[in-house]
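Asker: Here you go, input38.tsv (TSV, C-alpha atoms and all ligand atoms):
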chain	number	residue	atom	x	y	z
V	934	MET	CA	-15.23	0.38	21.71
V	935	ASP	CA	-15.52	-3.24	22.76
V	936	LYS	CA	-19.13	-3.28	21.65
V	937	ILE	CA	-17.91	-3.28	18.07
V	938	SER	CA	-17.65	-6.77	16.64
V	939	PRO	CA	-14.23	-7.79	15.31
V	940	GLU	CA	-15.72	-7.83	11.84
V	941	ALA	CA	-17.08	-4.32	12.06
V	942	ARG	CA	-13.79	-3.18	13.47
V	943	SER	CA	-11.75	-4.59	10.64
V	944	ARG	CA	-14.17	-3.00	8.24
V	945	ASN	CA	-13.61	0.33	9.91
V	946	MET	CA	-9.89	-0.22	9.80
V	947	SER	CA	-10.00	-0.95	6.13
V	948	ARG	CA	-11.69	2.38	5.56
V	949	ILE	CA	-8.92	4.32	7.11
V	950	ARG	CA	-7.04	6.34	4.64
V	951	GLY	CA	-4.67	9.18	4.95
V	952	LYS	CA	-1.16	9.29	6.21
V	953	ASN	CA	0.71	7.64	9.05
V	954	THR	CA	-1.77	4.85	9.49
V	955	GLU	CA	-0.85	1.96	11.73
V	956	PRO	CA	-0.01	-0.43	8.82
V	957	GLU	CA	2.14	2.28	7.29
V	958	LYS	CA	4.14	2.85	10.45
V	959	TYR	CA	4.55	-0.87	10.90
V	960	ILE	CA	6.07	-1.36	7.43
V	961	ARG	CA	8.34	1.65	7.88
V	962	ARG	CA	9.57	0.25	11.19
V	963	LEU	CA	10.35	-3.14	9.61
V	964	LEU	CA	12.26	-1.54	6.76
V	965	TYR	CA	14.13	0.75	9.10
V	966	HIS	CA	15.25	-2.17	11.26
V	967	ALA	CA	16.29	-4.03	8.12
V	968	GLY	CA	18.67	-1.16	7.45
V	969	PHE	CA	16.78	0.73	4.76
V	970	ARG	CA	16.67	4.49	4.73
V	971	TYR	CA	13.87	6.35	3.02
V	972	ARG	CA	11.75	9.45	2.73
V	973	ILE	CA	8.07	9.36	3.57
V	974	HIS	CA	5.15	11.03	1.75
V	975	TYR	CA	7.63	12.33	-0.74
V	976	ARG	CA	6.07	15.34	-2.42
V	977	GLU	CA	8.46	15.56	-5.36
V	978	LEU	CA	7.13	12.34	-6.88
V	979	PRO	CA	3.73	11.62	-8.46
V	980	GLY	CA	1.20	10.35	-5.93
V	981	LYS	CA	3.38	11.34	-2.95
V	982	PRO	CA	4.55	7.76	-2.30
V	983	ASP	CA	4.24	6.55	1.28
V	984	VAL	CA	7.85	5.36	1.22
V	985	TYR	CA	10.57	6.43	-1.21
V	986	LEU	CA	13.82	4.48	-1.31
V	987	ARG	CA	16.06	6.72	-3.35
V	988	LYS	CA	19.00	4.33	-3.42
V	989	TYR	CA	16.84	1.71	-5.13
V	990	ARG	CA	14.72	4.09	-7.18
V	991	THR	CA	11.76	2.37	-5.59
V	992	VAL	CA	8.51	3.64	-4.15
V	993	LEU	CA	6.06	1.88	-1.86
V	994	PHE	CA	2.37	2.48	-1.56
V	995	ILE	CA	0.62	1.10	1.47
V	996	ASN	CA	-2.94	0.75	0.26
V	997	GLY	CA	-6.12	0.36	2.25
V	998	CYS	CA	-8.13	-2.46	0.67
V	999	PHE	CA	-11.42	-0.58	0.85
V	1000	TRP	CA	-10.43	2.73	-0.74
V	1001	HIS	CA	-8.02	1.32	-3.25
V	1002	ARG	CA	-10.24	-1.66	-4.14
V	1003	HIS	CA	-8.07	-4.66	-3.52
V	1004	GLU	CA	-9.42	-7.12	-6.06
V	1005	GLY	CA	-11.07	-10.16	-4.56
V	1006	CYS	CA	-10.33	-8.99	-1.03
V	1007	ARG	CA	-12.95	-9.31	1.68
V	1008	TYR	CA	-12.23	-5.78	2.88
V	1009	ALA	CA	-13.10	-4.28	-0.50
V	1010	THR	CA	-16.79	-4.14	0.32
V	1011	THR	CA	-19.25	-1.76	-1.30
V	1012	PRO	CA	-21.68	0.09	0.97
V	1013	LYS	CA	-25.27	-0.84	0.22
V	1014	SER	CA	-26.69	2.67	0.19
V	1015	ASN	CA	-25.66	5.24	-2.42
V	1016	ARG	CA	-24.20	2.45	-4.48
V	1017	GLU	CA	-23.71	4.57	-7.56
V	1018	PHE	CA	-21.89	7.24	-5.60
V	1019	TRP	CA	-19.49	4.67	-4.17
V	1020	GLU	CA	-18.93	2.91	-7.44
V	1021	ASN	CA	-18.03	6.17	-9.14
V	1022	LYS	CA	-15.76	7.09	-6.31
V	1023	PHE	CA	-14.00	3.74	-6.41
V	1024	THR	CA	-13.57	3.89	-10.18
V	1025	ARG	CA	-11.90	7.27	-9.81
V	1026	ASN	CA	-9.65	6.01	-7.01
V	1027	VAL	CA	-8.51	3.02	-9.04
V	1028	GLN	CA	-7.90	5.14	-12.13
V	1029	ARG	CA	-5.94	7.70	-10.12
V	1030	ASP	CA	-3.74	4.95	-8.70
V	1031	LYS	CA	-3.12	3.51	-12.14
V	1032	ASP	CA	-2.15	6.92	-13.54
V	1033	VAL	CA	0.26	7.48	-10.68
V	1034	TYR	CA	1.90	4.06	-11.08
V	1035	ASP	CA	2.20	4.51	-14.85
V	1036	LYS	CA	3.80	7.89	-14.42
V	1037	LEU	CA	6.30	6.66	-11.85
V	1038	GLN	CA	7.20	3.62	-13.92
V	1039	SER	CA	7.66	5.70	-17.05
V	1040	GLU	CA	10.12	7.79	-15.03
V	1041	GLY	CA	12.00	4.62	-14.15
V	1042	TYR	CA	10.74	4.09	-10.63
V	1043	LYS	CA	9.90	0.66	-9.37
V	1044	VAL	CA	6.44	0.58	-7.82
V	1045	ILE	CA	5.54	-1.78	-5.01
V	1046	VAL	CA	2.05	-1.90	-3.55
V	1047	ILE	CA	1.55	-3.48	-0.13
V	1048	TRP	CA	-2.05	-4.18	0.74
V	1049	GLU	CA	-3.43	-3.52	4.16
V	1050	CYS	CA	-4.76	-7.08	4.54
V	1051	THR	CA	-1.25	-8.45	3.93
V	1052	ILE	CA	0.10	-6.15	6.60
V	1053	ARG	CA	-2.59	-7.08	9.10
V	1054	LYS	CA	-1.74	-10.73	8.60
V	1055	MET	CA	1.95	-9.96	8.99
V	1056	MET	CA	1.22	-8.27	12.30
V	1057	LYS	CA	-0.48	-11.43	13.54
V	1058	GLU	CA	1.68	-14.20	12.13
V	1059	ARG	CA	5.41	-14.20	12.68
V	1060	ASP	CA	6.20	-16.66	9.86
V	1061	PHE	CA	4.11	-14.74	7.39
V	1062	GLU	CA	5.76	-11.51	8.48
V	1063	THR	CA	9.19	-12.96	7.76
V	1064	GLU	CA	8.09	-14.37	4.41
V	1065	ILE	CA	6.62	-11.09	3.17
V	1066	LEU	CA	9.46	-9.02	4.53
V	1067	PHE	CA	11.93	-11.16	2.60
V	1068	SER	CA	9.94	-10.83	-0.64
V	1069	LEU	CA	9.69	-7.10	-0.08
V	1070	ILE	CA	13.42	-6.72	0.41
V	1071	ASP	CA	13.95	-8.90	-2.64
V	1072	GLU	CA	11.73	-6.68	-4.78
V	1073	ILE	CA	13.32	-3.50	-3.46
V	1074	LYS	CA	16.79	-4.72	-4.35
V	1075	LYS	CA	15.89	-5.94	-7.85
V	1076	ASP	CA	17.32	-3.94	-10.69
V	1077	SER	CA	14.73	-1.24	-11.34
V	1078	LEU	CA	15.41	-1.18	-15.08
V	1079	LYS	CA	13.97	-4.66	-15.40
V	1080	HIS	CA	10.76	-3.34	-13.95
V	1081	GLU	CA	10.13	-0.53	-16.39
V	1082	LYS	CA	7.67	-2.34	-18.60
V	1083	HIS	CA	6.11	-4.32	-15.82
V	1084	GLN	CA	3.07	-3.90	-13.69
V	1085	PRO	CA	3.59	-2.75	-10.13
V	1086	VAL	CA	4.50	-5.52	-7.72
V	1087	HIS	CA	1.67	-6.33	-5.33
V	1088	LEU	CA	2.28	-7.84	-1.94
T	1101	ZN	ZN	-6.89	-6.75	0.82
Render the structure in this file as structure tokens.
Ligand SMILES: [Zn+2]

Answerer:
Amino acid sequence: MDKISPEARSRNMSRIRGKNTEPEKYIRRLLYHAGFRYRIHYRELPGKPDVYLRKYRTVLFINGCFWHRHEGCRYATTPKSNREFWENKFTRNVQRDKDVYDKLQSEGYKVIVIWECTIRKMMKERDFETEILFSLIDEIKKDSLKHEKHQPVHL
């Protein structure tokens, strides 16, 4: 495992998708300690949000930068082989996300996306962690009605 360069490792990390990833558990832990209560992978809502805060009518998606194509992010690389395959796949992923967010917002849910690279930086830098956690709590507590016509919040 230590033969992998840090760069290759972070690239691997950014490819992880699926549930209960390390960044996901980290954010849940922070929210829990901040006093929030929530459901996870909530099946009754479009896109099975990673975190659902019923009290605030708010959902959180913890997105891997590679799969969900974080714009301008260094983790959103495109593999050199089978380029067309990947590009099609990514286009579908992005469209699927957009459809899910639209649907949730039209049902009056506030959508917050937290990118994996933000979380990784939070895990490394205490000040940054505090800063982002405060903005997150701020967004969660905002009146959801004001969000209806807005784009999802990205952190
Ligand atoms: Zn990113």

Asker: List all protein, DNA and RNA residues that have an atom no more than 12 Å from any atom of ligand ZN 1101 (chain T), counting all atoms listed in the file, and report them as a PyMOL selection string.

Answerer: chain V and resi 943-944+946-948+995-1010+1046-1054+1087-1088

Asker: Restricting the calculation to all atoms listed in the file, which member of V:Thr954, V:Asn1015, V:Asp1071, V:Leu963 is positioned closest to V:Met1055?

Answerer: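 With all atoms listed in the file as the atom set, the closest residue is V:Leu963.
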
Asker: Extending 8 Å beyond the listed atoms of stretch 1060-1067 of chain V on each side, what axis-aligned box results? I want centre and edge lengths in Å to one decimal, as lines of an AutoDock Vina configuration file.

Answerer:
center_x = 8.0
center_y = -12.8
center_z = 6.2
size_x = 23.8
size_y = 23.6
size_z = 23.3

Asker: Please compute the atom CA of V:Gln1028-atom CA of V:Lys1075 distance, one decimal, in Å.

Answerer: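 Spanning atom CA of V:Gln1028 to atom CA of V:Lys1075 is a straight-line distance of 26.6 Å.
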
Asker: Counting only C-alpha atoms, which of V:Asn1026, V:Ser1068, V:Thr991, V:Thr1063 gets nearest to V:Glu1040?

Answerer: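 Ranked by minimum distance to V:Glu1040, first place goes to V:Thr991.
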
Asker: Nearest to V:Tyr989 among V:Leu1037, V:Leu964, V:Ile1073, V:Val1027, with distances taken over all atoms listed in the file: which residue is it?

Answerer: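 When distances to V:Tyr989 are compared using all atoms listed in the file, the smallest one comes from V:Ile1073.
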
Asker: Grab the atom CA of V:Leu993 to atom CA of V:Arg976 distance for me, in Å with one decimal place.

Answerer: 13.5 Å

Asker: What is the atom CA of V:Tyr971 to atom CA of V:Lys988 distance in Å?

Answerer: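 Going from atom CA of V:Tyr971 over to atom CA of V:Lys988, I get 8.5 Å.
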
Asker: Using all atoms listed in the file, which residues sit within 7 Å of V:Arg990 once same-chain residues fewer than 3 positions away are excluded, as a list of chain:residue names?

Answerer: V:Leu986, V:Arg987, V:Tyr1042, V:Lys1043, V:Ser1077

Asker: Calculated over all atoms listed in the file, which of the candidates V:Glu1072, V:Asp1060, V:Asp983, V:Val1044 has the smallest distance to V:Pro956?

Answerer: V:Asp983
